[in-house]
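Heads up, the thing below is written out as C-alpha cells.
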Amino acid sequence: MNFDFSEEQVMLRDSVARFIQDDYSFDARRKIAASDTGMSAEHWQTFAELGWLSVPFAEEHGGFGGGPVDVMVMMEEFGKGMVLEPYFATVILFGGLLQRAGSTEQQATYIPRIVEGNCLGAFAFTERQSRYELADVKTTATPDGDGFVLNGEKVVVYNGANADTLIVAARTGGEQCDEDGISLFILDAGAAGIDRMSYALMDGQRAANLVFKDVRLPADALLGEKDKAYPVMSWVVLEACVALAAEGLGIMGQLNTKTLEYTKQREQFGVPIGSFQALQHRMVDTFMSYEQTKSLLYRAVCTLEKEDEDPARDIHALKVMLDRAGRHVHSEAIQLHGGMGLTDEMDIAHYAKRLMMINATFGDGDHHQAQFNALSFA
Amino acid sequence: MNFDFSEEQVMLRDSVARFIQDDYSFDARRKIAASDTGMSAEHWQTFAELGWLSVPFAEEHGGFGGGPVDVMVMMEEFGKGMVLEPYFATVILFGGLLQRAGSTEQQATYIPRIVEGNCLGAFAFTERQSRYELADVKTTATPDGDGFVLNGEKVVVYNGANADTLIVAARTGGEQCDEDGISLFILDAGAAGIDRMSYALMDGQRAANLVFKDVRLPADALLGEKDKAYPVMSWVVLEACVALAAEGLGIMGQLNTKTLEYTKQREQFGVPIGSFQALQHRMVDTFMSYEQTKSLLYRAVCTLEKEDEDPARDIHALKVMLDRAGRHVHSEAIQLHGGMGLTDEMDIAHYAKRLMMINATFGDGDHHQAQFNALSFA
Amino acid sequence: MDTSFAPEDMAFRDEVRAFFADAYDDELRARLQHPTEYREAIIDWQRRLYDKGWIAPGWPKEYGGAEWTPTQNFIYETERAAAGVRDVIPFGLKMVGPVIYTFGNDEQKARFLPRILRSEDWWCQGYSEPGAGSDLAALKTRADLDGDAYVVNGAKIWTTYAQHSDWIFCLVRTSNEGKKQQGISFLLIDMASEGVKVNPITTIDNHHSLNEVEFNNVRVPVANLIGEQDKGWTYAKALLAHERTSIAGVADSRRALAELRRFAEQEVNAGKRKIDDPLFQKRLSDIEIELMALEYTDLRVLASVAAGGAPGAESSLLKIKGTEIQQAIQGLRMDLAGYYQGVLPTDLDPQALGHEFGSSARQAYMYGRAATIYGGSNEVQKNIIAKAVLGL
Amino acid sequence: MDTSFAPEDMAFRDEVRAFFADAYDDELRARLQHPTEYREAIIDWQRRLYDKGWIAPGWPKEYGGAEWTPTQNFIYETERAAAGVRDVIPFGLKMVGPVIYTFGNDEQKARFLPRILRSEDWWCQGYSEPGAGSDLAALKTRADLDGDAYVVNGAKIWTTYAQHSDWIFCLVRTSNEGKKQQGISFLLIDMASEGVKVNPITTIDNHHSLNEVEFNNVRVPVANLIGEQDKGWTYAKALLAHERTSIAGVADSRRALAELRRFAEQEVNAGKRKIDDPLFQKRLSDIEIELMALEYTDLRVLASVAAGGAPGAESSLLKIKGTEIQQAIQGLRMDLAGYYQGVLPTDLDPQALGHEFGSSARQAYMYGRAATIYGGSNEVQKNIIAKAVLGL
C-alpha cells in the first residue's frame with residue numbers, strides 16, 4: 001500500500017506547476033479572463049505541445065494512456081492556478097464521452113484533433129428545467145431519413161461560447177425523465193439552426209445557451225448506442241466529478257496556505273492575527289477539512305483504478321465532502337482576510353468563486369448525499 | 001411590549017430558588033436520588049404547603065389559577081436545582097390532563113388531592129413500539145357492562161414507580177396508529193391486574209413498565225370523551241414541552257455559569273484556562289445558545305398566553321432548539337471541565353443527563369423538526 | 001410578559017403599511033434598481049419620508065426627529081422589510097447626525113442637520129484604514145493644526161459611497177500621547193476639498209460601492225471639529241452603540257426566507273420540487289428556527305431599551321446571530337440557483353437566460369460576506385461578549 | 001498510488017479471521033461481559049494471543065514481538081473491530097513495554113517484559129495529577145532520593161484499572177530546576193508498596209474504572225528508574241507518539257456504525273422505520289462520509305510510517321477526527337434509543353424491559369465523553385497542529 005506518485009506523474013505535476021509559476025500569475029490570469037474569449041489560444045497550444053491534452057486518451061489515437069491518478073495530479077495544479085483554458089470541458093468531459101462511447105472512426109477523427117489543440121469541445125446536457133438530473137432531457141432528435149433532426153435548448157453549457165464541436169444529449173425515445181431513450185450526438189457548433197447566446201460565469205469561463213432549431217444531423221453524428229446514452233453519461237460524469245474534486249482540492253490548499261500566510265503577516269492590536277488562539281484553532285479546522293477531502297479524493301481515485309469495484313458511492317461521498325469542506329475553507333479564507341478578502345483585486349474570492357462553480361457542477365453536496373443515501377439505504 | 005414578570009411571579013420564583021438554596025444542595029439531592037423512592041415525601045409536603053402544587057389549577061379546586069408564565073418561572077428553578085420530586089409527572093402531565101379533560105366530578109376528586117400533596121400521578125402513554133408517536137396505542141379498553149376491561153402494556157412511565165393514580169391512554173376504537181379511537185382512563189395504580197416493574201432512569205427519577213391484565217374499570221374511569229383523547233393528549237403534551245423547556249433552560253444556565261466559573265479558576269500552563277481565546281469564543285457560543293433558547297421559550301409562552309393563536313409551530317421550534325442548544329451546552333460544559341466533568345461526584349454530568357432525558361421526552365429535535373416541517377410545508 | 005401590541009401601535013402599523021403602499025410605488029422601485037438612476041431615486045424616496053416626518057425616527061423632535069417608541073421602531077422596521085422597502089442611507093441619518101446633535105456645537109447643528117434631513121448632503125464614513133481593520137484605534141491618518149485649519153494626511157478604506165458623497169466624517173490622529181484611543185479627533189471633511197482623492201474598490205460581487213479615500217494635505221477648518229480635540233474616540237463609541245440597535249436584521253431575513261421559499265417552489269429536480277425535498281426543508285427550517293429565536297432576542301433587547309436600559313453587549317449577540325442567519329440564507333439561495341449561481345449580470349433577458357434569481361443569488365452571497373467583517377467583525381463581537389458579559 | 005493488498009496480506013487476513021473465529025469464542029465473550037469475571041477473561045484472551053505469537057505485534061522480535069508491517073497491523077485492527085474482538089489492555093503492552101525495551105536497562109527488560117507478554121503483571125499509567133490536566137509537565141508528585149530508593153509523595157488521577165494493577169509507571173518530579181519539562185523522571189512503582197492508596201472514582205457512565213492513586217512516603221528502589229534521572233519527559237513523549245498510531249479507531253467506528261444501522265432498522269415511529277427517515281439517513285451518512293475519509297487519512301499516515309516516516313502531528317488529526325466521529329455515533333445512538341436512553345442497568349431482563357440497546361447507548365455516550373479529554377485533550381491536539389503543521 002502506498003500513495004506515492006510514479007516518476008511520470010511527478011513530472012506531469014511539475015510541468016503544470018512550472019507553467020503556472022512562470023506564465024500564469026494572478027495578473028496574467030486576470031488579463032485572460034477579461035479578454036473576449038476568456039481563454040488564451042496561445043496557452044492552449046502550449047498545453048498541446050507539453051502533451052497535457054493527450055493525458056487520458058488511448059495511445060492508439062496519440063494519447064498518453066493516463067489513468068485517474070494522472071488526471072488528478074494535473075487537475076490539482078490547474079486548480080492552484082485557476083487555469084481558465086477549457087481543459088475540463090474539452091478533455092475530461094467531451095473527450096471522456098468520445099473515449100467511452102465513440103466509434104473507432106469518431107475517435108480517430110476527433111481525439112487527434114483534441115490532442116493537437118485543434119478542437120475545443122463542449123458537452124451540452126443541462127436544460128432549463130433539468131437542474132442536476134442527467135436523465136431530464138426534453139431536447140429531441142427525431143429520425144429523418146438516415147439521420148436525425150435536433151430540436152430543443154441546452155443552457156449553461158461549459159465552454160459553450162468557444163467550442164467548435166459539441167456533444168449533445170437528446171431524447172430519441174421514452175418520456176422526459178426516463179433513463180432509457182437518451183442518445184448522444186456529435187456535431188459542429190456552427191451547424192445551421194444553432195443559435196448561441198454566450199455569457200461569462202463568475203469563475204471567468206465562458207458558457208452559452210444553445211437553441212437547436214431543426215438542426216439536421218447525419219447518421220454518423222450518433223455517438224454510441226441509440227437510446228442507451230444514460231449509463232455512458234453517468235459514468236463520464238462520475239469520472240469528471242473526481243477530476244473536479246482534484247481541482248477543488250488544489251484550490252482549497254491555496255486558500256488555506258494564503259490565509260495562513262496572511263494571518264502571520266497581518267497585525268492587529270500590535271500582534272500578528274495568527275497569534276490569536278481562536279483563529280489558530282479555526283485554521284486547524286480548515287487544515288483538517290483539506291486533509292479529509294484529500295483522503296476521499298485518494299479513496300475515489302484508488303477505487304476508480306480497481307476496475308472491478310463500483311466507484312459511485314465513494315465519488316458521491318467525495319462530492320459531499322467537497323461541498324462541506326470547500327464551503328468551510330472558502331468562508332474562513334474570506335473571513336480571516338477581513339476586508340481584503342472582499343476585494344476583486346485579490347485572488348481569494350476568485351478561488352472561492354471557482355470552488356462554488358465546481359460545487360454546483362453535476363450537483364451540490366445535498367444532491368450527491370441523496371444519491372449516496374439511495375445507494376446506502378436501498 | 002415587555003418581558004417582565006409580575007410581582008407574584010417574582011415571589012414564586014424566589015420561593016423555589018430559596019428552597020433549592022437552603023434545602024436542595026447537590027449533596028442533599030444525591031441522598032434523595034439514592035433513596036428507595038428517589039424522591040422526598042417530606043419535600044413534597046413542603047411543595048404543597050408553599051402552594052407550588054396548586055399553580056396551574058383553577059381556583060375553584062383550590063388552585064392558584066396560574067398560566068404558562070407561572071409554570072415557566074417555577075420549572076426553570078426546578079431545573080437549576082435538578083429537583084427530583086415528580087412535579088412534572090404529577091402536576092404538569094397528570095394534572096394537565098385532568099384539568100383539560102376531566103369531568104367536574106373527577107376534577108373535584110383529584111385536583112384537591114394533588115394540591116394538598118396527597119396524590120402522586122403518572123401518565124402512561126408510551127408503548128414498546130410507539131417511540132414518540134402519541135397515536136401509536138395498542139393497549140385496549142374493551143366495553144364490559146357499564147365499564148371497560150384494560151389490557152396491554154405501557155413502558156418508561158415517568159413517576160410510574162411512585163404514582164398512586166394513573167391516567168392511561170388506551171384504544172377503544174380504530175387501528176393501531178389512528179388518532180381517532182383513543183380514550184383516557186383514570187385509575188388506582190394498585191388496581192387488581194396491574195403488574196408494575198420499576199427502575200431508575202439516569203436523571204434519578206423512578207420509572208416503571210406497567211402491564212395491564214384484564215383490569216376492570218368502572219364507567220367513571222373514563223376521562224374525557226370516548227375515542228377523542230388524541231387532541232387532548234396532544235395539547236397537554238405541547239404545554240408540557242414548554243414546561244420541560246423551561247426546566248431545560250434552567251439547566252443550561254447552570255451549566256454555562258458553572259463552566260464559566262470553572263474556567264476562571266482552573267489553571268493550566270500557568271494561567272486560568274478562561275484566558276485562552278479559543279475557549280472564550282466557545283463560551284460566547286454557548287452563551288448565545290442559551291439566549292436563543294430563552295428567546296424561543298419566551299416566544300412559545302407568549303403565544304400560549306394568546307388564546308387565539310396556535311402555538312404548535314413555536315413549540316416544535318422550541319423543542320428543536322432545546323435539542324441542538326442543549327447538546328451544545330452540555331457537551332462544552334463536560335469538555336471544558338476536563339476530567340472533572342466526567343466524575344459522578346460533580347454536578348455537571350447530572351445536569352447533562354437530565355437535559356438529555358428532557359430532550360428525549362415527547363420526541364427529540366429531529367422528531368419535532370419533522371413536525372415543524374409538516375406544518376410549514378404542507 | 002406581554003407581547004401584544006397596544007391599539008395605538010396597531011393604528012401606527014396600518015399607517016406605515018398605507019404609506020409604503022402609496023409612496024414606494026413601482027416606478028420608484030424600478031428606478032432604484034437602475035445602475036445610473038438609483039442615486040436620484042434614493043434621494044426622492046428619502047424626501048418622501050422627510051415630507052411624512054419619518055426621515056429620522058430616532059432623532060429628538062427639536063432637531064426634526066420623530067422620537068418614536070422602540071415598539072414603533074420595531075413595527076416600522078418589520079413593515080419596511082416585509083414590503084421590500086429599502087432602508088435610508090445610514091451615514092448621515094443614523095451615524096453622523098446623532099454625533100452632531102449630541103456632541104456638536106450650535107453652529108454645526110444648524111449647518112449640517114437640516115441638510116442631512118432633506119438629503120441635500122450625502123455623507124460617508126472615514127473610520128477604517130488600510131493598516132487598521134478591527135483594531136480601529138490603531139489609525140494613522142494625521143491632522144496637524146496649522147492656524148485655523150487642520151492639515152489632514154493619510155487614507156481611509158472601505159468607504160461606502162464615497163464616490164457619491166459631499167462630506168466624510170473621519171477619525172483622525174491629533175496626538176500620539178497616551179493610549180492609542182486618546183489623541184483621536186472627530187473631523188467633518190468636505191469631499192470637494194483640495195487633496196481628497198477617491199479610489200474605487202471593486203468588490204467580489206463585481207460592484208463598486210466601496211472606496212479608498214486619500215488625503216493629501218487637505219486643509220479642514222477647525223470649525224469642522226466635533227467637540228474637543230483628542231476626544232473623538234468617545235464620540236465614535238457612542239455612535240457605535242447607537243448603530244447596533246437594529247443590527248439583527250430580523251425583518252429583512254424573514255423577507256429573504258420567504259423569497260427563498262418561493263424560489264424553492266419553482267425549482268424542480270427530476271420532477272420533484274425542491275420545497276418538497278426533506279433535506280432542503282431541514283436546511284430551511286434550521287435557519288427559520290434560529291430566526292424565530294432571534295426575533296425574540298431582538299424584542300427582549302428592544303423591551304429593555306424601552307424600559308430605559310442601554311443596548312450593551314447584547315447588540316453583539318444580535319450582530320453575530322443576525323449575520324450568521326443572513327449568510328445561511330444566502331448560501332442556501334446559491335445552492336437553489338444551481339448552475340445559474342455563476343451567471344454574471346449581462347444585458348441578456350433573464351427569460352432568454354432561463355433563470356431569474358441566479359445572478360442575484362450570487363450577488364447577495366458575495367456582498368453578504370461583508371456582514372461578518374464590517375462594523376466590528378464577528379470575532380471582535382465575540383471578544384466584546386467575552387469581556388462584557390462573561391467577565392473573561 | 002496503490003491500495004490493493006498483496007497476496008501474502010490476503011493470506012494474513014484469512015489467518016486473522018480464522019483465529020478470531022476459533023479463539024474468541026462465545027463462552028469468552030460472555031465472560032468478558034461479566035461484572036466480576038472479566039479480569040480473568042481478559043487474561044485468558046491475552047494468553048491465547050500470546051500463544052499465537054500476536055500479543056505484541058509492534059514489539060521487536062528480540063523482545064518477543066511480531067514486527068508486523070504497518071499493513072498487517074491495519075488488517076489486524078480492521079478484522080479485530082469487525083469481529084467485535086476487544087483490544088488488549090494497553091498499559092503494559094502498548095505503553096510501558098515500548099518504553100522499557102527502548103530506554104530501560106537489560107535487567108529491567110529481563111524482569112518486566114516477559115511478565116507483560118504473558119499478562120502476569122497488570123500495569124496502569126501514572127501521568128495526570130489532580131492539579132495538572134492537559135498541562136502534563138506541571139506535575140507535582142515528588143520523588144526524593146534517599147539512599148538506594150526514591151521516596152515518592154503526591155497523587156495521580158484518572159488512573160484506569162489501578163484497582164486491578166500490580167504496577168504503575170509514573171512521571172515524578174526529581175528536580176525543580178530549569179524548564180518544567182526538565183527534572184521529570186520515569187519510575188516503575190509496585191502497587192503493593194507501603195503507602196500506595198487507590199481511591200475509586202465513579203464516572204458518569206456509573207462505572208468504576210478510574211481511580212486516584214495516592215503516594216505517601218512510598219519507597220521505590222533506584223533500580224526501578226528508567227534511563228537517566230530528570231530525563232523522563234523525553235521517554236514519555238516518545239511513548240505518546242507510539243500510542244497514537246491506531247488512535248483514529250476507524251475499524252471500531254465502522255462496527256459501531258453498522259450496529260447503529262441494525263438498530264435503526266428495528267426502531268419504528270408511527271409505523272415507519274428510522275432507517276427510512278431522510279433526516280436520520282442524512283445524519284448517518286454525514287458521519288459515514290467523514291469516516292470514509294478518515295479511513296484513508298489513517299491509511300495515508302500508515303503508508304508514510306511504512307515508508308519510514310514518523311507519525312507526527314498527523315496523529316493529532318487522527319485523534320481529533322476519530323473522537324469526533326465516535327462521539328457523533330454515540331450521540332445518534334442515544335437519539336435512536338429514545339426514552340430508553342435513560343434506563344440504568346438493572347437485573348431486569350431486557351426482554352421484559354422492552355428494549356435491548358438503550359442502556360448500552362447511554363453507557364457508550366457517557367464513557368465516550370472521555371475520548372476528547374484524555375490522552376491529550378482535543379484542544380491540546382489543535383495546539384500541536386497549529387504549532388507543528390501550521391507554524392503558528
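Convention: chains lettered A, B, ... in C-alpha cells order; per-chain residue numbering from 1; ligands numbered from 1 as shown.
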
_If DSSP is run on the backbone, what residues of segment 58-280 of chain C are alpha helix (DSSP H)? A reply as number ranges by chain would be ideal._
C: 70-82, 90, 97-103, 106-117, 232-243, 250-266, 278-280

Sorted by chain and rising residue number, which residues of chain D lie within 10 Å of chain C, and what are their closest atom pairs and distances in Å to one decimal, counting only C-alpha atoms, as a tab-separated table?
```
residue	atom	partner	partner_atom	distance
D:Asp277	CA	C:Pro278	CA	9.4
D:Pro278	CA	C:Pro278	CA	6.6
D:Leu279	CA	C:Leu279	CA	6.9
D:Gln281	CA	C:Leu279	CA	10.0
D:Lys282	CA	C:Leu279	CA	7.8
```

Check which residues of chain B sit at most 7 Å from chain A using only C-alpha atoms, and return one row each with the closest pair of atoms and their distance in Å to one decimal, ordered by chain and rising number, as a Markdown table.
```
| residue | atom | partner | partner_atom | distance |
| --- | --- | --- | --- | --- |
| B:Phe276 | CA | A:Gln277 | CA | 6.9 |
| B:Gln277 | CA | A:Ala278 | CA | 5.3 |
| B:Ala278 | CA | A:Ala278 | CA | 3.8 |
| B:His281 | CA | A:Ala278 | CA | 6.9 |
```

*Within 8 Å of chain C: residues of chain B, using only C-alpha atoms, as a ChimeraX atom specification*: /B:1-6,69,260,264,274-275,280-281,283-284,288,291-293,295-296,298-299,302,317-318,321,369,372-373,377

Quick one: write out the picked residues with N, CA, C and O atoms as a compact mmCIF listing (two decimals), in the first residue's frame?
```
# COMPACT_ATOMS: atom_id res chain seq x y z
N MET B 1 -45.13 46.32 25.05
CA MET B 1 -44.38 45.07 24.99
C MET B 1 -43.36 45.00 26.13
O MET B 1 -42.54 45.89 26.27
N ASN B 2 -43.46 43.97 26.93
CA ASN B 2 -42.43 43.80 27.97
C ASN B 2 -42.28 42.32 28.30
O ASN B 2 -43.17 41.51 28.05
N PHE B 3 -41.12 41.98 28.86
CA PHE B 3 -40.86 40.61 29.26
C PHE B 3 -40.65 40.52 30.76
O PHE B 3 -39.91 39.68 31.25
N ASP B 4 -41.31 41.41 31.45
CA ASP B 4 -41.16 41.44 32.90
C ASP B 4 -42.08 40.41 33.55
O ASP B 4 -43.13 40.08 33.01
N PHE B 5 -41.67 39.94 34.72
CA PHE B 5 -42.52 39.06 35.50
C PHE B 5 -43.37 39.92 36.44
O PHE B 5 -42.93 40.97 36.91
N SER B 6 -44.58 39.44 36.73
CA SER B 6 -45.41 40.12 37.71
C SER B 6 -44.81 39.93 39.11
O SER B 6 -43.93 39.08 39.32
N VAL B 69 -46.68 31.44 32.14
CA VAL B 69 -45.51 32.14 32.69
C VAL B 69 -45.21 31.67 34.10
O VAL B 69 -44.05 31.46 34.48
N LEU B 260 -18.21 28.59 33.21
CA LEU B 260 -17.51 29.88 33.20
C LEU B 260 -16.69 30.05 34.48
O LEU B 260 -15.51 30.40 34.43
N LYS B 264 -12.48 30.18 35.00
CA LYS B 264 -11.80 31.32 35.62
C LYS B 264 -10.86 30.88 36.73
O LYS B 264 -9.91 31.58 37.05
N GLY B 274 -9.68 30.05 31.29
CA GLY B 274 -10.61 31.04 30.74
C GLY B 274 -9.92 32.17 30.00
O GLY B 274 -10.56 32.96 29.31
N SER B 275 -8.59 32.24 30.12
CA SER B 275 -7.88 33.30 29.40
C SER B 275 -7.53 32.88 27.97
O SER B 275 -7.07 33.69 27.18
N GLN B 280 -12.69 31.10 25.16
CA GLN B 280 -13.57 32.26 25.33
C GLN B 280 -14.63 32.31 24.24
O GLN B 280 -15.82 32.47 24.51
N HIS B 281 -14.18 32.15 23.01
CA HIS B 281 -15.13 32.22 21.91
C HIS B 281 -16.13 31.06 21.98
O HIS B 281 -17.30 31.22 21.63
N MET B 283 -17.21 29.74 24.72
CA MET B 283 -18.17 30.07 25.78
C MET B 283 -19.13 31.17 25.33
O MET B 283 -20.28 31.22 25.79
N VAL B 284 -18.67 32.04 24.45
CA VAL B 284 -19.60 33.00 23.86
C VAL B 284 -20.66 32.25 23.05
O VAL B 284 -21.85 32.57 23.10
N MET B 288 -24.67 32.24 23.63
CA MET B 288 -25.65 32.57 22.59
C MET B 288 -26.68 31.45 22.45
O MET B 288 -27.86 31.72 22.23
N GLU B 291 -29.16 32.05 25.18
CA GLU B 291 -30.03 33.20 24.94
C GLU B 291 -31.06 32.90 23.85
O GLU B 291 -32.22 33.32 23.95
N GLN B 292 -30.64 32.20 22.83
CA GLN B 292 -31.57 31.88 21.75
C GLN B 292 -32.66 30.91 22.24
O GLN B 292 -33.82 31.02 21.84
N THR B 293 -32.28 29.97 23.08
CA THR B 293 -33.28 29.05 23.63
C THR B 293 -34.27 29.82 24.50
O THR B 293 -35.48 29.60 24.43
N SER B 295 -35.11 32.86 24.20
CA SER B 295 -35.99 33.65 23.34
C SER B 295 -37.12 32.80 22.77
O SER B 295 -38.27 33.23 22.73
N LEU B 296 -36.80 31.58 22.34
CA LEU B 296 -37.87 30.73 21.80
C LEU B 296 -38.82 30.29 22.90
O LEU B 296 -40.02 30.13 22.66
N TYR B 298 -39.61 32.12 25.52
CA TYR B 298 -40.48 33.29 25.73
C TYR B 298 -41.50 33.40 24.60
O TYR B 298 -42.66 33.72 24.82
N ARG B 299 -41.04 33.14 23.40
CA ARG B 299 -41.95 33.20 22.26
C ARG B 299 -43.09 32.21 22.43
O ARG B 299 -44.26 32.55 22.26
N CYS B 302 -45.44 33.29 25.21
CA CYS B 302 -46.28 34.42 24.81
C CYS B 302 -47.39 33.96 23.87
O CYS B 302 -48.53 34.43 23.95
N ALA B 317 -40.57 24.37 17.29
CA ALA B 317 -39.29 25.08 17.10
C ALA B 317 -38.49 25.11 18.40
O ALA B 317 -37.28 24.88 18.41
N LEU B 318 -39.19 25.35 19.48
CA LEU B 318 -38.52 25.39 20.79
C LEU B 318 -37.88 24.06 21.13
O LEU B 318 -36.74 24.00 21.60
N MET B 321 -34.75 23.60 19.13
CA MET B 321 -33.67 24.41 19.67
C MET B 321 -33.14 23.83 20.98
O MET B 321 -31.93 23.81 21.22
N GLN B 369 -38.63 18.64 14.53
CA GLN B 369 -38.37 19.36 13.28
C GLN B 369 -39.22 18.77 12.15
O GLN B 369 -39.72 19.51 11.31
N PHE B 372 -42.51 20.29 12.69
CA PHE B 372 -42.41 21.69 12.30
C PHE B 372 -42.49 21.81 10.77
O PHE B 372 -43.23 22.62 10.22
N ASN B 373 -41.73 20.94 10.10
CA ASN B 373 -41.72 20.97 8.64
C ASN B 373 -43.09 20.59 8.07
O ASN B 373 -43.52 21.16 7.07
N PHE B 377 -44.56 23.15 5.47
CA PHE B 377 -44.50 22.87 4.04
C PHE B 377 -45.71 22.05 3.59
O PHE B 377 -45.61 21.27 2.67
```

*Do you know which residues are at most 10 Å from segment 209-225 of chain D counting only C-alpha atoms, after dropping those on the same chain fewer than 4 positions away, and could you put them as a VMD selection string?*
(chain B and resid 343) or (chain D and resid 104 to 105 107 to 108 126 128 to 130 141 to 164 168 to 170 185 to 191 193 to 203 229 232)

Residues of segment 338-371 of chain D at most 12 Å from segment 109-133 of chain B: nearest atom pair and distance in Å, only C-alpha atoms, as CSV:
```
residue,atom,partner,partner_atom,distance
D:Gly338,CA,B:Arg131,CA,6.6
D:Tyr339,CA,B:Arg131,CA,7.4
D:Tyr340,CA,B:Arg131,CA,9.3
D:Gln341,CA,B:Arg131,CA,11.7
D:Pro350,CA,B:Arg128,CA,11.9
D:Gln351,CA,B:Arg128,CA,10.5
D:Ala352,CA,B:Arg128,CA,10.2
D:Leu353,CA,B:Arg128,CA,8.8
D:Gly354,CA,B:Arg128,CA,5.8
D:His355,CA,B:Arg128,CA,7.6
D:Glu356,CA,B:Arg128,CA,11.2
```

If you keep N, CA, C and O atoms, can you produce a file of those selected residues as a PDB file, in the first residue's frame?
```pdb
ATOM      1  N   GLY D 338     -34.253   6.674  22.119  1.00  0.00           N
ATOM      2  CA  GLY D 338     -35.473   7.355  22.572  1.00  0.00           C
ATOM      3  C   GLY D 338     -35.588   7.366  24.088  1.00  0.00           C
ATOM      4  O   GLY D 338     -34.619   7.643  24.794  1.00  0.00           O
ATOM      5  N   TYR D 339     -36.768   7.040  24.580  1.00  0.00           N
ATOM      6  CA  TYR D 339     -36.993   7.047  26.033  1.00  0.00           C
ATOM      7  C   TYR D 339     -36.049   6.092  26.759  1.00  0.00           C
ATOM      8  O   TYR D 339     -35.719   6.292  27.918  1.00  0.00           O
ATOM      9  N   TYR D 340     -35.635   5.028  26.071  1.00  0.00           N
ATOM     10  CA  TYR D 340     -34.835   4.000  26.727  1.00  0.00           C
ATOM     11  C   TYR D 340     -33.394   4.430  26.989  1.00  0.00           C
ATOM     12  O   TYR D 340     -32.654   3.734  27.645  1.00  0.00           O
ATOM     13  N   GLN D 341     -32.996   5.573  26.423  1.00  0.00           N
ATOM     14  CA  GLN D 341     -31.614   6.013  26.639  1.00  0.00           C
ATOM     15  C   GLN D 341     -31.327   6.248  28.105  1.00  0.00           C
ATOM     16  O   GLN D 341     -30.179   6.217  28.537  1.00  0.00           O
ATOM     17  N   PRO D 350     -33.789  -7.679  29.735  1.00  0.00           N
ATOM     18  CA  PRO D 350     -34.003  -6.679  28.670  1.00  0.00           C
ATOM     19  C   PRO D 350     -35.302  -6.949  27.917  1.00  0.00           C
ATOM     20  O   PRO D 350     -35.967  -6.030  27.459  1.00  0.00           O
ATOM     21  N   GLN D 351     -35.660  -8.198  27.803  1.00  0.00           N
ATOM     22  CA  GLN D 351     -36.903  -8.543  27.104  1.00  0.00           C
ATOM     23  C   GLN D 351     -38.102  -7.961  27.865  1.00  0.00           C
ATOM     24  O   GLN D 351     -38.994  -7.348  27.277  1.00  0.00           O
ATOM     25  N   ALA D 352     -38.080  -8.096  29.186  1.00  0.00           N
ATOM     26  CA  ALA D 352     -39.163  -7.548  29.999  1.00  0.00           C
ATOM     27  C   ALA D 352     -39.153  -6.030  29.929  1.00  0.00           C
ATOM     28  O   ALA D 352     -40.185  -5.373  29.953  1.00  0.00           O
ATOM     29  N   LEU D 353     -37.960  -5.479  29.819  1.00  0.00           N
ATOM     30  CA  LEU D 353     -37.807  -4.028  29.773  1.00  0.00           C
ATOM     31  C   LEU D 353     -38.340  -3.476  28.451  1.00  0.00           C
ATOM     32  O   LEU D 353     -38.846  -2.362  28.399  1.00  0.00           O
ATOM     33  N   GLY D 354     -38.207  -4.260  27.409  1.00  0.00           N
ATOM     34  CA  GLY D 354     -38.769  -3.849  26.140  1.00  0.00           C
ATOM     35  C   GLY D 354     -37.760  -3.266  25.168  1.00  0.00           C
ATOM     36  O   GLY D 354     -38.117  -2.813  24.094  1.00  0.00           O
ATOM     37  N   HIS D 355     -36.485  -3.274  25.516  1.00  0.00           N
ATOM     38  CA  HIS D 355     -35.515  -2.609  24.651  1.00  0.00           C
ATOM     39  C   HIS D 355     -34.135  -3.167  24.929  1.00  0.00           C
ATOM     40  O   HIS D 355     -33.770  -3.393  26.069  1.00  0.00           O
ATOM     41  N   GLU D 356     -33.353  -3.343  23.859  1.00  0.00           N
ATOM     42  CA  GLU D 356     -32.077  -4.010  24.116  1.00  0.00           C
ATOM     43  C   GLU D 356     -30.859  -3.089  24.130  1.00  0.00           C
ATOM     44  O   GLU D 356     -29.854  -3.403  24.727  1.00  0.00           O
TER      45      GLU D 356
END
```

*asked:* List the spatial neighbours of Asp203 of chain A as number ranges by chain - criterion: any atom at most 8 Å away, only C-alpha atoms, same-chain residues fewer than 3 positions off excluded.
replied: A: 350, 353-354, 357; C: 342

Can I get the selected residues back with C-alpha atoms, as a PDB file, in the first residue's frame?
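Written out: out.pdb:
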```
ATOM      1  CA  HIS A 350     -11.716  34.212  -7.199  1.00  0.00           C
ATOM      2  CA  LYS A 353     -15.961  31.516  -6.884  1.00  0.00           C
ATOM      3  CA  ARG A 354     -14.341  28.720  -8.842  1.00  0.00           C
ATOM      4  CA  MET A 357     -18.907  26.577  -9.527  1.00  0.00           C
TER       5      MET A 357
ATOM      6  CA  GLY C 342     -22.414  31.585 -11.580  1.00  0.00           C
TER       7      GLY C 342
END
```

*Surrounding residues of Gln99 of chain B excluding itself and chain neighbours under 5 positions, 9 Å, only C-alpha atoms, as a list of chain:residue names*: B:Pro56, B:Phe57, B:Ala58, B:Phe94, B:Gln107, B:Ile111

Let me see the file: selected residues, N, CA, C and O atoms, as a compact mmCIF listing (two decimals), in the first residue's frame.
```txt
# COMPACT_ATOMS: atom_id res chain seq x y z
N PRO B 56 -50.93 25.54 38.45
CA PRO B 56 -51.66 25.64 37.19
C PRO B 56 -53.16 25.33 37.31
O PRO B 56 -53.86 25.39 36.30
N PHE B 57 -53.64 25.00 38.50
CA PHE B 57 -55.03 24.56 38.60
C PHE B 57 -55.98 25.73 38.83
O PHE B 57 -55.61 26.76 39.39
N ALA B 58 -57.23 25.51 38.42
CA ALA B 58 -58.26 26.55 38.57
C ALA B 58 -58.55 26.78 40.04
O ALA B 58 -58.41 25.87 40.87
N PHE B 94 -50.12 14.70 34.48
CA PHE B 94 -51.32 14.09 35.06
C PHE B 94 -52.34 15.19 35.36
O PHE B 94 -53.51 15.11 34.96
N GLN B 107 -62.41 16.29 38.50
CA GLN B 107 -61.52 17.38 38.94
C GLN B 107 -61.68 17.62 40.43
O GLN B 107 -60.70 17.79 41.15
N ILE B 111 -58.04 16.96 41.92
CA ILE B 111 -57.19 18.16 41.98
C ILE B 111 -56.90 18.59 43.41
O ILE B 111 -55.74 18.85 43.75
```

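The space between atom CA of Ala374 of chain B and atom CA of Arg283 of chain C spans 14.0 Å.
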
*Please, what distance in Å, to one decimal, runs between atom CA of Pro272 of chain A and atom CA of Thr174 of chain C?*
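So the two atoms, atom CA of Pro272 of chain A and atom CA of Thr174 of chain C, lie 26.0 Å apart.
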
*Please, which residues of segment 173-357 of chain A, numbered as in this document, come out strand (DSSP E or B) from DSSP, as an MDAnalysis selection string?*
chainID A and resid 182:188 194:201 206:217 222:223 228 267:268 271:272 343
